[in-house]
file entry-v9.txt (compact mmCIF, C-alpha atoms and all ligand atoms)
# COMPACT_ATOMS: atom_id res chain seq x y z
CA MET Q 1 84.94 94.34 110.48
CA PRO Q 2 82.91 97.04 112.16
CA VAL Q 3 79.98 98.12 110.04
CA ILE Q 4 79.60 101.86 109.75
CA ARG Q 5 75.90 102.52 109.45
CA ARG Q 6 74.90 105.43 107.28
CA ARG Q 7 71.92 107.44 108.36
CA GLY Q 8 69.41 109.58 106.55
CA TRP Q 9 71.10 112.93 107.02
CA GLU Q 10 74.28 111.72 105.44
CA LEU Q 11 75.55 112.14 101.95
CA PRO Q 12 73.61 110.56 99.16
CA GLU Q 13 75.34 107.44 97.95
CA HIS Q 14 76.85 109.03 94.86
CA LEU Q 15 78.62 111.57 97.06
CA ALA Q 16 79.80 109.07 99.64
CA THR Q 17 83.40 109.20 98.47
CA PRO Q 18 83.58 112.76 97.22
CA GLU Q 19 87.35 112.85 97.11
CA HIS Q 20 87.00 110.28 94.40
CA LEU Q 21 85.98 111.98 91.16
CA PHE Q 22 83.00 111.08 89.12
CA LEU Q 23 84.54 108.89 86.50
CA ASP Q 24 84.20 109.80 82.90
CA ARG Q 25 83.74 106.89 80.56
CA ARG Q 26 87.33 106.70 79.38
CA ALA Q 27 88.69 106.84 82.90
CA PHE Q 28 86.22 104.20 83.97
CA VAL Q 29 87.36 101.81 81.27
CA THR Q 30 91.01 102.32 82.28
CA ALA Q 31 90.14 101.76 85.93
CA ALA Q 32 88.18 98.61 85.20
CA ALA Q 33 91.09 97.21 83.18
CA GLY Q 34 93.47 98.00 86.04
CA ILE Q 35 91.29 96.26 88.58
CA ALA Q 36 91.13 93.17 86.41
CA ALA Q 37 94.94 93.11 86.16
CA GLY Q 38 95.23 93.58 89.92
CA SER Q 39 93.10 90.55 90.56
CA LEU Q 40 95.88 88.33 89.22
CA VAL Q 41 97.69 88.74 92.54
CA PRO Q 42 94.92 88.32 95.09
CA ASP Q 43 97.11 86.77 97.77
CA LEU Q 44 99.85 89.40 97.77
CA ALA Q 45 98.45 91.23 100.79
CA LEU Q 46 98.21 88.07 102.83
CA ALA Q 47 101.71 86.87 101.88
CA GLN Q 48 103.23 90.19 102.91
CA ARG Q 49 101.44 90.18 106.22
CA VAL Q 50 102.95 86.84 107.12
CA THR Q 51 106.54 87.71 106.13
CA ASP Q 52 106.81 91.21 107.65
CA ALA Q 53 109.65 91.46 110.16
CA PRO Q 54 108.94 93.00 113.58
CA ASP Q 55 109.13 96.79 113.51
CA PRO Q 56 112.67 97.82 114.56
CA THR Q 57 111.33 100.84 116.47
CA ALA Q 58 108.67 98.94 118.43
CA ASN Q 59 110.53 99.44 121.72
CA LEU Q 60 109.94 103.23 121.51
CA TYR Q 61 106.21 102.72 122.13
CA PRO Q 62 104.06 103.66 123.90
CA ALA Q 63 105.56 107.16 123.87
CA LYS Q 64 104.92 109.58 126.69
CA ARG Q 65 101.73 111.57 126.16
CA ASN Q 66 102.02 115.34 125.80
CA GLU Q 67 99.02 116.40 127.89
CA LYS Q 68 98.84 119.80 126.25
CA PHE Q 69 96.78 118.40 123.40
CA ALA Q 70 93.47 117.41 124.96
CA LEU Q 71 90.32 116.18 123.27
CA ASP Q 72 86.69 117.25 123.67
CA ARG Q 73 85.53 113.72 122.80
CA PRO Q 74 86.63 110.13 123.38
CA VAL Q 75 89.38 108.55 121.30
CA THR Q 76 87.93 106.61 118.35
CA ASP Q 77 88.06 102.87 118.87
CA GLU Q 78 91.22 101.51 117.25
CA LYS Q 79 89.35 98.79 115.36
CA ILE Q 80 86.99 101.30 113.80
CA ASN Q 81 89.75 103.75 112.98
CA GLY Q 82 91.96 101.02 111.58
CA ASN Q 83 89.25 99.86 109.19
CA TYR Q 84 87.84 103.13 107.88
CA ASN Q 85 90.55 104.80 105.87
CA ASN Q 86 91.24 106.89 102.83
CA PHE Q 87 94.37 105.58 101.15
CA TYR Q 88 93.72 105.70 97.43
CA GLU Q 89 96.91 103.81 96.68
CA TYR Q 90 94.95 100.82 98.03
CA GLY Q 91 91.51 101.58 96.62
CA THR Q 92 88.67 104.04 96.70
CA SER Q 93 86.60 102.37 99.42
CA LYS Q 94 87.17 102.90 103.14
CA ASN Q 95 87.89 99.22 103.53
CA ILE Q 96 91.54 99.11 102.45
CA ALA Q 97 93.26 97.83 105.60
CA SER Q 98 93.78 94.36 104.22
CA ALA Q 99 94.99 95.56 100.79
CA ALA Q 100 97.37 97.98 102.55
CA GLN Q 101 99.24 95.01 104.03
CA ALA Q 102 101.07 94.93 100.67
CA LEU Q 103 102.83 98.16 101.67
CA LYS Q 104 106.47 97.29 102.43
CA THR Q 105 107.73 99.69 105.07
CA ARG Q 106 111.36 98.52 105.35
CA PRO Q 107 113.78 99.52 103.99
CA TRP Q 108 112.25 103.03 103.87
CA THR Q 109 114.39 105.96 102.81
CA ILE Q 110 113.38 109.57 103.33
CA LYS Q 111 114.84 112.20 101.09
CA ILE Q 112 115.21 115.85 102.08
CA ASP Q 113 116.06 118.12 99.16
CA GLY Q 114 115.45 121.43 97.41
CA MET Q 115 116.32 124.73 99.10
CA VAL Q 116 118.27 123.30 102.04
CA GLU Q 117 121.84 123.74 103.24
CA LYS Q 118 122.62 120.11 102.72
CA PRO Q 119 120.27 117.66 100.99
CA MET Q 120 120.16 114.28 102.71
CA GLU Q 121 118.73 110.80 102.64
CA LEU Q 122 118.10 108.83 105.77
CA GLY Q 123 116.39 105.63 106.78
CA ILE Q 124 113.17 105.85 108.75
CA ASP Q 125 114.70 104.05 111.74
CA ASP Q 126 117.59 106.54 111.92
CA LEU Q 127 115.13 109.42 111.69
CA VAL Q 128 112.84 108.07 114.41
CA ARG Q 129 115.80 107.49 116.74
CA LYS Q 130 117.25 110.96 116.09
CA ILE Q 131 114.19 112.84 117.33
CA PRO Q 132 112.36 111.97 120.56
CA ILE Q 133 108.77 110.90 120.00
CA GLU Q 134 105.71 111.78 122.06
CA GLU Q 135 102.01 110.98 121.99
CA ARG Q 136 99.36 113.57 121.12
CA LEU Q 137 95.59 113.22 121.03
CA TYR Q 138 94.36 114.95 117.88
CA ARG Q 139 91.07 115.26 116.09
CA HIS Q 140 90.88 114.52 112.37
CA ARG Q 141 88.22 116.00 110.08
CA CYS Q 142 87.83 114.66 106.58
CA VAL Q 143 86.35 116.86 103.87
CA GLU Q 144 83.78 114.07 103.45
CA ARG Q 145 82.29 115.22 106.81
CA TRP Q 146 83.40 112.37 109.07
CA SER Q 147 85.75 112.84 111.97
CA MET Q 148 87.81 110.76 114.37
CA ALA Q 149 90.03 111.27 117.41
CA ILE Q 150 93.40 109.55 117.37
CA PRO Q 151 96.32 109.03 119.76
CA TRP Q 152 99.17 109.68 117.31
CA SER Q 153 102.84 109.25 118.23
CA GLY Q 154 105.56 111.15 116.45
CA PHE Q 155 107.50 114.39 116.55
CA PRO Q 156 106.89 118.03 115.64
CA PHE Q 157 107.41 118.83 111.96
CA ALA Q 158 109.54 121.75 113.21
CA LYS Q 159 112.17 119.20 114.31
CA LEU Q 160 112.49 117.90 110.78
CA VAL Q 161 112.79 121.49 109.51
CA GLU Q 162 115.62 122.03 112.04
CA LEU Q 163 117.36 118.96 110.72
CA ALA Q 164 116.87 120.03 107.09
CA LYS Q 165 118.21 123.58 107.58
CA PRO Q 166 116.19 125.23 104.79
CA LEU Q 167 117.50 128.37 103.09
CA SER Q 168 115.67 131.60 103.90
CA SER Q 169 114.34 131.59 100.32
CA ALA Q 170 112.29 128.42 101.00
CA LYS Q 171 108.59 129.29 101.37
CA TYR Q 172 106.90 125.88 101.23
CA VAL Q 173 107.50 122.22 101.95
CA ARG Q 174 106.34 119.78 99.31
CA MET Q 175 105.82 116.18 100.45
CA GLU Q 176 105.60 113.08 98.35
CA THR Q 177 104.30 109.55 98.96
CA PHE Q 178 106.03 106.47 97.46
CA LEU Q 179 105.41 105.54 93.85
CA ASP Q 180 105.45 101.78 93.37
CA LYS Q 181 102.76 100.13 91.32
CA SER Q 182 103.91 96.70 92.43
CA MET Q 183 102.83 97.37 96.01
CA ALA Q 184 99.99 99.83 95.42
CA PRO Q 185 97.11 98.48 93.32
CA GLY Q 186 95.47 101.93 93.29
CA GLN Q 187 98.47 103.32 91.44
CA ARG Q 188 97.73 100.78 88.71
CA SER Q 189 93.94 100.88 88.59
CA LEU Q 190 93.54 104.65 89.05
CA SER Q 191 95.97 105.21 86.22
CA TYR Q 192 94.64 108.69 85.42
CA TYR Q 193 95.52 109.96 88.91
CA PRO Q 194 98.67 112.10 89.10
CA TRP Q 195 100.64 109.70 91.32
CA PRO Q 196 102.55 109.94 93.55
CA TYR Q 197 100.32 111.58 96.17
CA VAL Q 198 101.70 115.07 96.85
CA GLU Q 199 100.83 117.63 99.49
CA GLY Q 200 102.28 120.91 100.65
CA LEU Q 201 102.45 123.30 103.57
CA SER Q 202 103.75 126.83 103.90
CA MET Q 203 106.87 127.13 106.08
CA ALA Q 204 104.78 128.84 108.77
CA GLU Q 205 102.36 125.91 108.76
CA ALA Q 206 105.11 123.29 108.80
CA THR Q 207 106.78 124.92 111.79
CA ASN Q 208 103.51 125.54 113.63
CA GLU Q 209 103.49 123.75 116.97
CA LEU Q 210 100.57 121.55 115.86
CA ALA Q 211 102.13 120.17 112.65
CA PHE Q 212 103.11 116.63 113.60
CA LEU Q 213 104.97 113.88 111.78
CA VAL Q 214 103.41 110.62 112.80
CA THR Q 215 105.32 107.38 113.30
CA GLY Q 216 102.87 105.58 115.59
CA ALA Q 217 99.27 105.38 116.75
CA TYR Q 218 97.45 103.70 119.61
CA GLY Q 219 100.72 103.16 121.47
CA LYS Q 220 102.50 101.23 118.69
CA PRO Q 221 104.23 101.80 115.38
CA ILE Q 222 101.69 103.18 112.93
CA ALA Q 223 99.51 100.68 111.03
CA LYS Q 224 99.90 100.43 107.28
CA ALA Q 225 96.36 101.66 106.64
CA HIS Q 226 97.23 104.91 108.43
CA GLY Q 227 100.23 105.53 106.18
CA ALA Q 228 103.20 103.73 107.71
CA PRO Q 229 105.98 104.38 108.39
CA LEU Q 230 105.66 108.19 108.34
CA ARG Q 231 102.59 110.35 107.77
CA LEU Q 232 101.57 113.91 108.49
CA ALA Q 233 98.93 115.15 110.94
CA VAL Q 234 97.75 118.75 110.54
CA PRO Q 235 94.53 118.61 112.55
CA TRP Q 236 93.23 122.08 111.63
CA LYS Q 237 93.10 121.11 107.96
CA TYR Q 238 90.90 118.72 106.05
CA GLY Q 239 92.13 115.13 106.04
CA PHE Q 240 93.50 115.09 102.53
CA LYS Q 241 96.36 117.38 103.60
CA SER Q 242 97.61 114.65 105.97
CA ILE Q 243 99.71 112.79 103.43
CA LYS Q 244 100.57 109.16 104.21
CA SER Q 245 103.72 107.07 103.68
CA ILE Q 246 106.01 110.03 102.99
CA VAL Q 247 109.29 109.45 101.12
CA LYS Q 248 110.33 113.00 100.28
CA PHE Q 249 110.35 116.51 101.74
CA SER Q 250 111.34 119.21 99.25
CA PHE Q 251 111.84 122.80 100.35
CA THR Q 252 110.77 125.19 97.62
CA ASP Q 253 109.67 128.73 96.78
CA LYS Q 254 106.77 127.49 94.63
CA GLN Q 255 103.40 126.67 96.13
CA PRO Q 256 103.03 122.88 95.79
CA LYS Q 257 99.96 121.44 94.13
CA GLY Q 258 98.51 118.48 96.00
CA LEU Q 259 97.06 115.45 94.27
CA TRP Q 260 93.46 116.50 94.90
CA GLU Q 261 94.07 120.04 93.71
CA GLU Q 262 95.75 118.64 90.62
CA LEU Q 263 92.72 116.43 89.92
CA GLN Q 264 89.97 118.88 90.81
CA ALA Q 265 91.15 122.44 91.45
CA SER Q 266 87.57 123.69 91.56
CA GLU Q 267 86.99 121.67 94.75
CA TYR Q 268 90.36 121.30 96.49
CA GLY Q 269 92.79 124.13 97.12
CA PHE Q 270 96.14 124.63 98.81
CA TRP Q 271 95.01 126.00 102.17
CA ALA Q 272 92.24 123.51 102.92
CA ASN Q 273 91.61 124.74 106.45
CA VAL Q 274 88.49 123.41 108.12
CA ASN Q 275 85.85 126.12 107.76
CA PRO Q 276 82.21 125.28 108.49
CA GLN Q 277 81.07 128.50 106.82
CA VAL Q 278 82.47 127.60 103.43
CA PRO Q 279 80.67 124.63 101.90
CA HIS Q 280 82.43 122.26 99.59
CA PRO Q 281 80.94 122.94 96.14
CA ARG Q 282 78.88 119.75 96.42
CA TRP Q 283 77.90 119.64 100.12
CA SER Q 284 77.80 121.56 103.39
CA GLN Q 285 80.66 121.46 105.92
CA ALA Q 286 78.53 122.70 108.82
CA ILE Q 287 78.27 119.34 110.60
CA GLU Q 288 80.52 116.38 111.18
CA GLU Q 289 79.87 112.78 112.09
CA LEU Q 290 82.01 111.21 114.80
CA ILE Q 291 82.77 107.88 113.20
CA GLY Q 292 81.97 104.91 115.43
CA THR Q 293 79.33 106.83 117.40
CA ASN Q 294 75.83 108.06 116.76
CA GLU Q 295 76.95 111.58 117.31
CA ARG Q 296 77.18 114.50 115.00
CA ARG Q 297 78.41 117.91 115.99
CA PRO Q 298 78.76 121.35 114.47
CA THR Q 299 82.09 121.64 112.70
CA LEU Q 300 84.45 124.13 114.32
CA LEU Q 301 86.53 126.69 112.45
CA PHE Q 302 90.08 125.32 112.07
CA ASN Q 303 88.62 122.13 113.55
CA GLY Q 304 88.75 123.86 116.94
CA TYR Q 305 92.48 124.59 116.74
CA GLY Q 306 92.15 128.33 116.06
CA ASP Q 307 94.22 129.28 119.14
CA TYR Q 308 97.22 127.63 117.54
CA VAL Q 309 96.76 128.51 113.90
CA ALA Q 310 94.46 131.50 113.31
CA ASP Q 311 97.32 134.02 113.40
CA MET Q 312 99.00 132.38 110.42
CA TYR Q 313 96.07 133.29 108.18
CA LYS Q 314 95.75 136.98 109.03
CA GLY Q 315 95.69 138.84 105.74
CA LEU Q 316 94.92 135.66 103.84
CA GLU Q 317 91.16 135.95 104.41
CA LYS Q 318 90.60 136.60 100.72
CA GLU Q 319 92.37 133.40 99.75
CA ARG Q 320 90.48 130.19 99.43
CA LEU Q 321 90.57 128.69 102.91
CA TRP Q 322 88.23 125.92 101.96
CA ALA Q 323 88.57 122.27 101.12
N1 LIG J 401 99.21 108.88 100.32
C1 LIG J 401 97.96 109.17 100.69
N2 LIG J 401 97.77 109.93 101.79
C2 LIG J 401 96.51 110.24 102.19
C3 LIG J 401 95.38 109.82 101.45
C4 LIG J 401 95.62 109.02 100.28
O1 LIG J 401 94.69 108.61 99.57
N3 LIG J 401 96.91 108.71 99.96
N4 LIG J 401 94.11 110.20 101.84
C5 LIG J 401 94.01 111.41 102.71
C6 LIG J 401 92.68 111.59 103.25
S1 LIG J 401 91.52 112.19 102.20
C7 LIG J 401 92.38 111.38 104.56
S2 LIG J 401 90.85 111.76 105.21
C8 LIG J 401 93.41 110.78 105.48
C9 LIG J 401 92.83 109.53 106.14
O2 LIG J 401 93.68 109.09 107.16
P1 LIG J 401 93.27 107.82 108.04
O3 LIG J 401 93.00 106.69 107.11
O4 LIG J 401 94.43 107.58 108.96
O5 LIG J 401 92.02 108.21 108.78
O6 LIG J 401 94.60 110.42 104.78
C10 LIG J 401 95.04 111.37 103.82
N5 LIG J 401 96.35 111.00 103.33
MO MO J 402 89.78 113.07 103.57
call {"tool": "encode", "arguments": {"input": "entry-v9.txt", "output": "structure tokens", "more": "lines below"}}
Ligand SMILES: Nc1nc2c(c(=O)[nH]1)N[C@H]1C(S)=C(S)[C@@H](COP(=O)(O)O)O[C@H]1N2
Ligand SMILES: [Mo]
result
Amino acid sequence: MPVIRRRGWELPEHLATPEHLFLDRRAFVTAAAGIAAGSLVPDLALAQRVTDAPDPTANLYPAKRNEKFALDRPVTDEKINGNYNNFYEYGTSKNIASAAQALKTRPWTIKIDGMVEKPMELGIDDLVRKIPIEERLYRHRCVERWSMAIPWSGFPFAKLVELAKPLSSAKYVRMETFLDKSMAPGQRSLSYYPWPYVEGLSMAEATNELAFLVTGAYGKPIAKAHGAPLRLAVPWKYGFKSIKSIVKFSFTDKQPKGLWEELQASEYGFWANVNPQVPHPRWSQAIEELIGTNERRPTLLFNGYGDYVADMYKGLEKERLWA
């Protein structure tokens, strides 16, 4: 396990996991009870790891890299990236990789519904074989101020939109993660969270060239801790928009409310574009720490992806573009 050393400039301890709310007493009691119940099945993660079948799409990796998406920094070491995750379904610490082995990724059905010509359900393996995958090097900036650089594999979100054939009345895509307390201890212990995890994008954002549906990372099918078998990468937005383990895409005319906005609307909004000039209510966003290095850098507007995305927000300047 790589140890991530925290230095003096970083967040005080009580802010170290800011996406996690300060617990009120009642919530804390519920959470503690949930954790105690969860401890009855300590070996579940290990058992699952041993019995998992080989990934049926493994032969598609490594996918050809699309050189258009270049980095200004080295790729984060896979071991560090694979062991420093936010996946609240598996706990509120960063060290959830082992617990996430309880995630069962097959069979995995993806539902497309709402304002579409023809709603459909399809298995992840059919979906991944329908649309050619490629590799892209993307940066990732969490609202907690850390960042990484990842070689994701997957396909443009626009391809899924093409498949879904949304009606012209659809304005947003709402995405949902699985809901299954039996394989997600966080969904039991954090019982006051509005599970399942939900996130949303406008149609313009979803069809932006950068919006990427991820099926793999580091030249292989995506690890469970990263949100197997299908997660989103929208690198100009704060990390919490990049929903993991997606089971549903709903096309809608109502602006979706993500899990964090639902929990704490005063801190997390719909747009959530990286903006160093707008501090989170509890800390600055001016600087980021490159996890796994000793480096910190000034945060860039739209995480440096303004050339791709700035046009979408013309006229929206008065809206809350912050985390
Ligand atoms: N379902 C689900 N998706 C999620 C989260 C989560 O808790 N549950 N956390 C988000 C946050 S806050 C971040 S920073 C990224 C972390 O992705 P990584 O672990 O691959 O770095 O996942 C996002 N997607
Ligand atoms: Mo995050």
call {"tool": "residues_around", "arguments": {"input": "entry-v9.txt", "residues": "Gly114 in chain Q", "least_positions_apart": "6", "cutoff": "8 Å", "atoms": "only C-alpha atoms", "output": "list in words"}}
result
Ser250, Phe251 and Thr252 of chain Q
call {"tool": "closest_atom_pairs", "arguments": {"input": "entry-v9.txt", "of": "chain Q", "to": "ligand MO 402 (chain J)", "cutoff": "6 Å", "atoms": "all atoms listed in the file", "output": "tab-separated table"}}
result
residue	atom	partner	partner_atom	distance
Q:Cys142	CA	J:MO402	MO	3.9
Q:Val143	CA	J:MO402	MO	5.1
Q:Gly239	CA	J:MO402	MO	4.0
Q:Phe240	CA	J:MO402	MO	4.4
call {"tool": "residues_near_ligand", "arguments": {"input": "entry-v9.txt", "ligand": "ligand LIG 401 (chain J)", "cutoff": "6 Å", "atoms": "only C-alpha atoms and all ligand atoms", "output": "ChimeraX atom specification"}}
result
/Q:85-89,142,177,197,226,239-240,242-245
call {"tool": "atom_distance", "arguments": {"input": "entry-v9.txt", "atom1": "CA of Tyr172 in chain Q", "atom2": "CA of Glu134 in chain Q"}}
result
25.2 Å
call {"tool": "closest_residue", "arguments": {"input": "entry-v9.txt", "among": "Q:Lys104, Q:Arg320, Q:Arg139, Q:Lys111", "to": "Ala70 in chain Q", "atoms": "all atoms listed in the file"}}
result
Q:Arg139
call {"tool": "closest_residue", "arguments": {"input": "entry-v9.txt", "among": "Q:Arg231, Q:Lys237, Q:Arg73, Q:Lys224", "to": "Glu205 in chain Q", "atoms": "all atoms listed in the file"}}
result
Q:Lys237
call {"tool": "residues_around", "arguments": {"input": "entry-v9.txt", "residues": "Pro194 in chain Q", "least_positions_apart": "5", "cutoff": "12 Å", "atoms": "all atoms listed in the file", "output": "PyMOL selection string"}}
result
chain Q and resi 88-89+176-177+179+186-188+199+257-264
call {"tool": "residues_near_point", "arguments": {"input": "entry-v9.txt", "point": "(87.2, 122.0, 107.9)", "cutoff": "8 Å", "atoms": "all atoms listed in the file", "output": "PyMOL selection string"}}
result
chain Q and resi 141-143+236-238+272-276+285+299-303+322-323
call {"tool": "axis_aligned_box", "arguments": {"input": "entry-v9.txt", "around": "range 110-129 of chain Q", "padding_each_side": "6 Å", "output": "JSON"}}
result
{"center_x": 117.7, "center_y": 114.4, "center_z": 107.1, "size_x": 21.8, "size_y": 32.7, "size_z": 31.3}
call {"tool": "atom_distance", "arguments": {"input": "entry-v9.txt", "atom1": "CA of Leu103 in chain Q", "atom2": "CA of Gly82 in chain Q"}}
result
15.0 Å
call {"tool": "closest_residue", "arguments": {"input": "entry-v9.txt", "among": "Q:Met203, Q:Val75, Q:Ile124, Q:Met312", "to": "Thr105 in chain Q", "atoms": "all atoms listed in the file"}}
result
Q:Ile124
call {"tool": "closest_residue", "arguments": {"input": "entry-v9.txt", "among": "Q:Ala310, Q:Ala58, Q:Val173, Q:Ala204", "to": "Ala223 in chain Q", "atoms": "all atoms listed in the file"}}
result
Q:Ala58
call {"tool": "residues_near_point", "arguments": {"input": "entry-v9.txt", "point": "(89.9, 100.4, 104.3)", "cutoff": "12 Å", "atoms": "only C-alpha atoms", "output": "PyMOL selection string"}}
result
chain Q and resi 1-4+79-101+223-227
call {"tool": "closest_residue", "arguments": {"input": "entry-v9.txt", "among": "Q:Ala63, Q:Ala233, Q:Leu316, Q:Ala102", "to": "Met183 in chain Q", "atoms": "all atoms listed in the file"}}
result
Q:Ala102
call {"tool": "atom_distance", "arguments": {"input": "entry-v9.txt", "atom1": "CA of Trp146 in chain Q", "atom2": "CA of Val214 in chain Q"}}
result
20.4 Å
call {"tool": "closest_residue", "arguments": {"input": "entry-v9.txt", "among": "Q:Ala170, Q:Val247, Q:Ile291, Q:Ala265", "to": "Thr109 in chain Q", "atoms": "only C-alpha atoms"}}
result
Q:Val247
call {"tool": "residues_around", "arguments": {"input": "entry-v9.txt", "residues": "Ser153 in chain Q", "least_positions_apart": "6", "cutoff": "8 Å", "atoms": "only C-alpha atoms", "output": "ChimeraX atom specification"}}
result
/Q:63,133-136,214-219
call {"tool": "residues_around", "arguments": {"input": "entry-v9.txt", "residues": "Met175 in chain Q", "least_positions_apart": "4", "cutoff": "6 Å", "atoms": "only C-alpha atoms", "output": "list of chain:residue names"}}
result
Q:Val198, Q:Glu199, Q:Gly200, Q:Lys248, Q:Phe249
call {"tool": "write_last_selection", "arguments": {"input": "entry-v9.txt", "atoms": "C-alpha atoms", "output": "PDB file, in the frame of the given file"}}
result
ATOM      1  CA  VAL Q 198     101.700 115.070  96.850  1.00  0.00           C
ATOM      2  CA  GLU Q 199     100.830 117.630  99.490  1.00  0.00           C
ATOM      3  CA  GLY Q 200     102.280 120.910 100.650  1.00  0.00           C
ATOM      4  CA  LYS Q 248     110.330 113.000 100.280  1.00  0.00           C
ATOM      5  CA  PHE Q 249     110.350 116.510 101.740  1.00  0.00           C
TER       6      PHE Q 249
END
call {"tool": "decode", "arguments": {"input": "entry-v9.txt", "residues": "range 239-250 of chain Q", "atoms": "N, CA and C atoms", "output": "short mmCIF file (atom, residue, chain, number, x, y, z; two decimals), in the first residue's frame"}}
result
data_model
loop_
_atom_site.label_atom_id
_atom_site.label_comp_id
_atom_site.auth_asym_id
_atom_site.auth_seq_id
_atom_site.Cartn_x
_atom_site.Cartn_y
_atom_site.Cartn_z
N GLY Q 239 -14.03 15.96 -9.69
CA GLY Q 239 -14.12 14.49 -9.70
C GLY Q 239 -15.48 13.92 -9.41
N PHE Q 240 -16.26 14.57 -8.55
CA PHE Q 240 -17.51 13.93 -8.14
C PHE Q 240 -18.52 13.82 -9.28
N LYS Q 241 -18.28 14.57 -10.39
CA LYS Q 241 -19.17 14.42 -11.55
C LYS Q 241 -18.92 13.10 -12.28
N SER Q 242 -17.72 12.52 -12.08
CA SER Q 242 -17.33 11.32 -12.84
C SER Q 242 -17.88 10.06 -12.17
N ILE Q 243 -19.16 9.87 -12.32
CA ILE Q 243 -19.89 8.77 -11.67
C ILE Q 243 -19.33 7.41 -12.07
N LYS Q 244 -19.24 6.53 -11.07
CA LYS Q 244 -18.70 5.18 -11.27
C LYS Q 244 -19.80 4.13 -11.41
N SER Q 245 -19.46 3.01 -11.98
CA SER Q 245 -20.33 1.81 -12.02
C SER Q 245 -21.76 2.17 -12.43
N ILE Q 246 -21.86 2.73 -13.64
CA ILE Q 246 -23.15 3.24 -14.14
C ILE Q 246 -24.06 2.09 -14.58
N VAL Q 247 -25.34 2.16 -14.19
CA VAL Q 247 -26.32 1.17 -14.65
C VAL Q 247 -27.44 1.80 -15.48
N LYS Q 248 -27.55 3.14 -15.43
CA LYS Q 248 -28.68 3.75 -16.14
C LYS Q 248 -28.35 5.13 -16.68
N PHE Q 249 -28.79 5.36 -17.91
CA PHE Q 249 -28.73 6.68 -18.55
C PHE Q 249 -30.16 7.08 -18.86
N SER Q 250 -30.64 8.17 -18.26
CA SER Q 250 -32.00 8.63 -18.54
C SER Q 250 -31.93 10.00 -19.19
#
